[in-house]
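Student: Can you read through this structure? Questions will come right after.
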Amino acid sequence: MDKVSDTVTLYGISASAGLACGNAFIHYEQLIRVPAEKIQSGEVKSQLSRLSRAVLKSRKELETLRKEAQGSVGADLSKIFDAQLMILEDDDFMDRVRQAVIAKLQNVEFVYQEEVDKTIRALSRSKDEYMREMISDINAVSARLLHNLSGVEGIRQRKAKSPIIAFARSFSADDIMNMRKSSVVGFVTETGGMTSHMALFAKALGIPAIVGVKECLSRVKPNQQVCIDGSAGCVVISPTPSEWKLFRRKVDSLKRAEKKLFLAISGLKSETLDGRKVDVEANLEVPTENDRRIADAGISVGLYRTEFLYLSHSDFPDEQEQVEAYSKITKAFGHNHVTLRTFDLGGDKFTGHFRDNGESNPALGWRAIRFSLDVPKTLRIQLRAMLRASAHGKIKIMFPMISTVEEVVRAKKILAGVKKDLMSEKIPFDEDIPIGVMVEVPSAVVMAHRLALEVDFFSIGTNDLTQYTLAADRGNAKVAKLYRPFHPAVITLIHQTIQAGHDANISVAVCGEMAGDPKATRLLVGLGVDSLSANPGSISIIKSLIPQIDYEKAAVFAKSALSMQSAEEVENLLADDFNT
Ligand code: PEP
Ligand code: MG
């Protein structure tokens, strides 16, 4: 029997899906604090040339990292290192450091750190998330420069005999890139949101991660055993021996399945035991080295989050840039289709550049389709680019966060206008391009019968559907415990959407994180879903599960989940089912 358990379960924000377990390692920011020292005026020159040499060395390191990142996480995300290079060589800042060394006659390390502290203090007062996000880049750059200035060995890779779950207040992009070469199998941070750089890097590199876990550093001790479930945003510290054993077994079998299956999934039928077709597709946001592998395995893209294009821009990408981006992904996927979702900006996503700062409730505010319809010029440009790219492959267009039928009618009208323009300009495009909507707001579920008459497909966004159904902000760690995708209220809405779609003869997909959670596969198949669009790391396992499911039995299983009254009951049902 297990001893009385000291287990602590913490919830945070799901940043990157997947299961991992290992020993806790606490990563404290490795800033070197060098005390102030007086220098002679004759020493100023040598201090300043040390600074120049350290900048040069740091620049070389960052350029190497950028190159490495281009290969592993793709060109878009690698631009984070461009931002760090700009911070490193910021003329005004460097002038201030040099002037202060001359004026105060103090050692350059101390003066540099003082100037960094001032900048960070000013930025941390900003209400703008984008400005606050810059703090982690500044910390990363200054830590690197101070290491190089003081000659202390750089940020070391953590190699250990057993797997590590790394904990920190936050990680820089290069910390996360280094994880792949170390024994770190997953990470947990106190800060960060779903679209923070940490989350994007973790997703692109397939490292399970949970961010925004308040006070996790005070709850975990070095070397304690830890299990994390990236999809559920759940961290279990010091699990009981039997929980630990079970979790390890799951991680190992998922890993084995993933390795074996990615090669073999192209040959696997996307059909249940009793012959019901259920496709498995991919959710993508930033192009990565994995795309080719996914495309070669015959996988289509069920959700392409185009707003991530915005990541490397200070404004909207222009039409030509968008045509190139959409054509590239479309060509990469060849005969498989690519579902391009129009910009889902606002709410929690990339609010920094354009947010109306007056919004006190952004998740219920000016986001996604609402923004696109209010600024139709951006929507027109985006739809033109999508249509132009459709000449190169199979594209579907999807509108996010639909809450009324009128929104779809208006969006389709704008699309019809854009098609007419392209025709008169004799620019080729796919005239029968399928149009769909995300069903992720409860009002869309209620109106699903009517919405289904307007579109060719539905895709259920369980991430937002959970937040809006349970009134629990998906990005607020304080209510993470209430954010339960398996709550019967959410499951019931998924079921209603599927029924309404099928009544109108249109297909219904699920593209929220739930689609990539193997515990949910039998439930979703039993609810009648036509396709599951999952994060790339989960595709092989989900695809391998489909042929093992008996649809008739899964439908009975789903019925029992629908009859339950709490999230916990459904979670236990799914866990028991998955573990047997
Ligand atoms: C969702 O809400 O489930 C979804 C897939 O969209 P996103 O996570 O991009 O909001
Ligand atoms: Mg959504």
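Ordering of the structure tokens sets the chain letters (A, B, ...); residue numbers start at 1 within each chain; ligands are numbered from 1 in the order shown.
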Where does DSSP see helix (DSSP H, G or I) in range 42-176 of chain A, if you list the residues as a PyMOL selection string?
Tutor: chain A and resi 42-72+75-88+91-104+108-124+129-150+173-176
Student: May I ask you to write as a list of chain:residue names all residues lying at most 6 Å from ligand 2, with only C-alpha atoms and all ligand atoms counted?
Tutor: A:Gly461, A:Asn463, A:Asp464
Student: Show me which residues line ligand 1, defined as having an atom within 10 Å of a ligand atom where only C-alpha atoms and all ligand atoms count, and present them as a compact mmCIF listing (two decimals) with N, CA and C atoms, in the first residue's frame.
Tutor:
```
# COMPACT_ATOMS: atom_id res chain seq x y z
N MET A 194 0.00 31.18 -23.04
CA MET A 194 -0.03 30.22 -24.13
C MET A 194 0.73 30.66 -25.38
N THR A 195 0.82 31.99 -25.55
CA THR A 195 1.52 32.44 -26.76
C THR A 195 2.86 33.08 -26.40
N ASN A 283 -2.46 20.10 -36.19
CA ASN A 283 -2.56 21.53 -35.87
C ASN A 283 -1.16 22.13 -36.03
N LEU A 284 -1.04 23.15 -36.85
CA LEU A 284 0.28 23.76 -37.04
C LEU A 284 0.19 25.26 -36.81
N GLU A 285 1.29 25.84 -36.40
CA GLU A 285 1.31 27.29 -36.30
C GLU A 285 2.58 27.90 -36.87
N GLY A 302 -5.50 20.21 -40.15
CA GLY A 302 -6.87 20.52 -39.75
C GLY A 302 -7.00 21.92 -39.18
N LEU A 303 -5.87 22.49 -38.77
CA LEU A 303 -5.87 23.87 -38.25
C LEU A 303 -4.50 24.48 -38.46
N TYR A 304 -4.45 25.55 -39.26
CA TYR A 304 -3.21 26.32 -39.39
C TYR A 304 -3.50 27.68 -38.78
N ARG A 305 -2.83 27.96 -37.63
CA ARG A 305 -3.11 29.20 -36.91
C ARG A 305 -2.31 30.34 -37.55
N THR A 306 -2.95 31.04 -38.49
CA THR A 306 -2.20 32.03 -39.27
C THR A 306 -1.72 33.22 -38.44
N GLU A 307 -2.33 33.45 -37.28
CA GLU A 307 -1.92 34.61 -36.49
C GLU A 307 -0.46 34.53 -36.06
N PHE A 308 0.12 33.32 -36.14
CA PHE A 308 1.52 33.20 -35.75
C PHE A 308 2.46 33.85 -36.76
N ARG A 341 -6.89 29.06 -40.97
CA ARG A 341 -7.84 29.82 -40.15
C ARG A 341 -7.48 31.30 -40.26
N PHE A 343 -7.02 35.22 -39.12
CA PHE A 343 -6.35 35.67 -37.89
C PHE A 343 -7.24 35.56 -36.65
N ASP A 344 -6.72 34.86 -35.66
CA ASP A 344 -7.42 34.78 -34.37
C ASP A 344 -6.64 35.66 -33.40
N LEU A 345 -6.67 36.94 -33.66
CA LEU A 345 -5.91 37.88 -32.82
C LEU A 345 -6.81 38.46 -31.75
N GLY A 347 -7.90 38.83 -27.50
CA GLY A 347 -8.03 37.91 -26.36
C GLY A 347 -6.66 37.70 -25.75
N ASP A 348 -6.23 36.45 -25.71
CA ASP A 348 -4.92 36.16 -25.13
C ASP A 348 -3.82 36.17 -26.17
N LYS A 349 -4.16 36.37 -27.45
CA LYS A 349 -3.16 36.14 -28.49
C LYS A 349 -2.54 37.42 -29.04
N ALA A 368 -10.49 37.91 -32.88
CA ALA A 368 -10.80 36.96 -33.95
C ALA A 368 -11.72 37.55 -35.03
N PRO A 400 -12.57 31.92 -37.13
CA PRO A 400 -12.52 31.61 -35.69
C PRO A 400 -13.55 32.38 -34.87
N MET A 401 -13.88 31.84 -33.74
CA MET A 401 -14.69 32.49 -32.71
C MET A 401 -16.01 33.05 -33.22
N MET A 438 -15.05 27.67 -36.76
CA MET A 438 -14.71 27.08 -35.47
C MET A 438 -15.97 27.18 -34.61
N VAL A 439 -16.32 26.07 -33.97
CA VAL A 439 -17.40 26.13 -32.98
C VAL A 439 -16.71 26.10 -31.63
N GLU A 440 -16.66 27.26 -30.99
CA GLU A 440 -15.90 27.36 -29.73
C GLU A 440 -16.55 28.33 -28.75
N VAL A 441 -17.75 28.78 -29.12
CA VAL A 441 -18.51 29.67 -28.24
C VAL A 441 -19.87 29.00 -28.03
N SER A 459 -15.39 22.90 -37.03
CA SER A 459 -14.27 22.37 -36.27
C SER A 459 -14.43 22.89 -34.84
N ILE A 460 -14.50 21.96 -33.91
CA ILE A 460 -14.78 22.36 -32.52
C ILE A 460 -13.48 22.73 -31.81
N GLY A 461 -13.44 23.96 -31.31
CA GLY A 461 -12.26 24.43 -30.57
C GLY A 461 -12.50 24.21 -29.09
N THR A 462 -12.06 23.06 -28.60
CA THR A 462 -12.38 22.73 -27.20
C THR A 462 -11.65 23.64 -26.20
N ASN A 463 -10.56 24.27 -26.64
CA ASN A 463 -9.83 25.14 -25.69
C ASN A 463 -10.71 26.34 -25.32
N ASP A 464 -11.24 27.00 -26.35
CA ASP A 464 -12.10 28.15 -26.06
C ASP A 464 -13.47 27.71 -25.58
N LEU A 465 -13.97 26.61 -26.13
CA LEU A 465 -15.30 26.16 -25.71
C LEU A 465 -15.31 25.88 -24.20
N THR A 466 -14.21 25.33 -23.70
CA THR A 466 -14.12 25.06 -22.26
C THR A 466 -14.13 26.38 -21.48
N GLN A 467 -13.32 27.34 -21.95
CA GLN A 467 -13.24 28.61 -21.21
C GLN A 467 -14.57 29.35 -21.20
N TYR A 468 -15.27 29.35 -22.34
CA TYR A 468 -16.52 30.11 -22.39
C TYR A 468 -17.68 29.37 -21.71
N ARG A 474 -8.87 30.64 -19.84
CA ARG A 474 -7.90 29.59 -20.15
C ARG A 474 -6.46 30.03 -19.87
N PRO A 485 -11.70 20.64 -19.48
CA PRO A 485 -12.26 20.28 -20.79
C PRO A 485 -13.19 19.07 -20.75
N VAL A 510 -12.68 17.97 -34.36
CA VAL A 510 -12.30 18.62 -33.10
C VAL A 510 -10.85 19.03 -33.27
N CYS A 511 -10.54 20.30 -33.00
CA CYS A 511 -9.15 20.74 -33.18
C CYS A 511 -8.56 21.37 -31.92
N GLY A 512 -9.29 21.35 -30.81
CA GLY A 512 -8.69 21.84 -29.56
C GLY A 512 -7.73 20.80 -29.02
N GLU A 513 -7.06 21.12 -27.91
CA GLU A 513 -6.06 20.20 -27.33
C GLU A 513 -6.63 18.82 -27.05
N MET A 514 -7.94 18.76 -26.79
CA MET A 514 -8.56 17.47 -26.46
C MET A 514 -8.33 16.44 -27.57
N ALA A 515 -8.27 16.92 -28.82
CA ALA A 515 -8.10 16.01 -29.95
C ALA A 515 -6.76 15.27 -29.88
N SER A 533 -7.96 16.86 -35.08
CA SER A 533 -6.77 17.59 -35.50
C SER A 533 -5.93 17.87 -34.27
N ALA A 534 -4.75 17.24 -34.23
CA ALA A 534 -3.97 17.22 -33.00
C ALA A 534 -2.61 17.88 -33.18
N ASN A 535 -1.99 18.23 -32.06
CA ASN A 535 -0.63 18.76 -32.14
C ASN A 535 0.27 17.65 -32.70
```
Student: Set the distance at 10 Å and use only C-alpha atoms: which residues neighbour Ala83 in chain A once local chain neighbours fewer than 6 positions away are removed? I'd like the list as a compact mmCIF listing (two decimals) with N, CA and C atoms, in the first residue's frame.
Tutor:
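The resulting file, around.txt, is reproduced below:
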```txt
# COMPACT_ATOMS: atom_id res chain seq x y z
N MET A 134 9.42 41.33 -23.45
CA MET A 134 10.79 41.71 -23.79
C MET A 134 11.75 41.50 -22.61
N ASP A 137 13.74 38.41 -22.84
CA ASP A 137 14.84 38.51 -23.81
C ASP A 137 16.00 39.32 -23.24
N ILE A 138 15.66 40.41 -22.54
CA ILE A 138 16.72 41.25 -21.98
C ILE A 138 17.50 40.46 -20.91
N VAL A 141 19.82 38.07 -22.72
CA VAL A 141 20.97 38.74 -23.34
C VAL A 141 21.95 39.20 -22.27
N SER A 312 6.43 37.57 -36.28
CA SER A 312 7.68 38.16 -36.73
C SER A 312 7.46 39.53 -37.38
```
Student: I'd like the neighbourhood of range 216-225 of chain A as a PyMOL selection string, where a residue qualifies if any of its atoms comes within 12 Å (using only C-alpha atoms), though same-chain residues fewer than 2 positions away should be ignored.
Tutor: chain A and resi 6-12+20-28+160+162-170+187-191+210-214+227-228+234-241+243-245+247-248+477
Student: Would you write out, as a tab-separated table, a table of all residues in range 122-233 of chain A that have an atom no more than 10 Å from an atom of range 516-528 of chain A, listing for each the closest atom pair and the distance in Å to one decimal, considering only C-alpha atoms and ordering rows by chain and rising residue number?
Tutor:
```
residue	atom	partner	partner_atom	distance
A:Asp229	CA	A:Asp517	CA	9.7
A:Gly230	CA	A:Asp517	CA	9.6
A:Ser231	CA	A:Asp517	CA	6.7
A:Ala232	CA	A:Asp517	CA	8.6
```
Student: Contacts of Gln565 in chain A at 12 Å or less, counting only C-alpha atoms, minus same-chain residues fewer than 6 places along, as a PyMOL selection string?
Tutor: chain A and resi 486-492+571
Student: When distances are computed from only C-alpha atoms, which of A:Ser49, A:Asn178, A:Ser183, A:Gln496 shows the smallest separation from Leu149 in chain A?
Tutor: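 The shortest atom-to-atom distance to Leu149 in chain A comes from A:Ser49.
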Student: Counting only C-alpha atoms, which residue out of A:Met179, A:Ile433, A:Met398, A:Val55 sits closest to Leu88 in chain A?
Tutor: A:Val55
Student: Choose the residue, out of A:Leu77, A:Gly192, A:Gly436, A:Glu324, that has the smallest atom-to-atom separation from Asn476 in chain A; count only C-alpha atoms.
Tutor: A:Gly192
Student: From the set A:Ala103, A:Leu254, A:Ala567, A:Val405, which residue has the shortest atom-to-atom contact distance to Tyr483 in chain A, counting only C-alpha atoms?
Tutor: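 The answer is A:Ala567, which sits nearest to Tyr483 in chain A.
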Student: If we count only C-alpha atoms and set the cut-off at 12 Å, which residues sit around Glu43 in chain A, ignoring sequence neighbours fewer than 4 positions away in its own chain? Please answer as an MDAnalysis selection string.
Tutor: chainID A and resid 37:39 47:50 101:102 105:108
Student: Could you write those residues out with C-alpha atoms, as an mmCIF file, in the first residue's frame?
Tutor:
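Final file, out.cif:
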```cif
data_model
loop_
_atom_site.group_PDB
_atom_site.id
_atom_site.type_symbol
_atom_site.label_atom_id
_atom_site.label_comp_id
_atom_site.auth_asym_id
_atom_site.auth_seq_id
_atom_site.Cartn_x
_atom_site.Cartn_y
_atom_site.Cartn_z
ATOM 1 C CA GLU A 37 34.585 48.305 -7.801
ATOM 2 C CA LYS A 38 36.320 51.633 -8.186
ATOM 3 C CA ILE A 39 38.617 51.903 -11.209
ATOM 4 C CA GLN A 47 37.178 48.175 -19.304
ATOM 5 C CA LEU A 48 35.477 49.424 -22.452
ATOM 6 C CA SER A 49 37.436 47.167 -24.756
ATOM 7 C CA ARG A 50 36.510 44.199 -22.528
ATOM 8 C CA VAL A 101 31.772 53.825 -16.735
ATOM 9 C CA ILE A 102 33.590 57.061 -17.626
ATOM 10 C CA LEU A 105 34.738 55.219 -12.643
ATOM 11 C CA GLN A 106 33.218 51.867 -11.749
ATOM 12 C CA ASN A 107 33.786 48.381 -13.190
ATOM 13 C CA VAL A 108 31.909 47.723 -16.416
#
```
Student: Which residue, A:Thr342, A:Ser46, A:Ser403, A:Ser390, has the smallest gap to Glu431 in chain A when you use only C-alpha atoms?
Tutor: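 Once distances to Glu431 in chain A are computed over only C-alpha atoms, the minimum belongs to A:Ser390.
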Student: Find, counting only C-alpha atoms, the residue in A:Ile207, A:Ile539, A:Leu65, A:Ile294 that gets nearest to Gly18 in chain A.
Tutor: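 Nearest candidate to Gly18 in chain A out of A:Ile207, A:Ile539, A:Leu65, A:Ile294: A:Ile207.
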Student: Would you list the contacts of range 424-427 of chain A as a count of residues only, taking every protein, DNA or RNA residue within 12 Å and counting only C-alpha atoms, but skipping same-chain residues closer than 3 positions in sequence?
Tutor: 14
Student: One decimal, in Å: what's the spacing between CA of Lys396 in chain A and CA of Ala509 in chain A?
Tutor: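 Value for the CA of Lys396 in chain A-CA of Ala509 in chain A distance: 13.1 Å.
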Student: Which value, in Å to one decimal, gives the distance between CA of Phe333 in chain A and CA of Asn290 in chain A?
Tutor: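 That distance, rounded to one decimal, is 11.6 Å.
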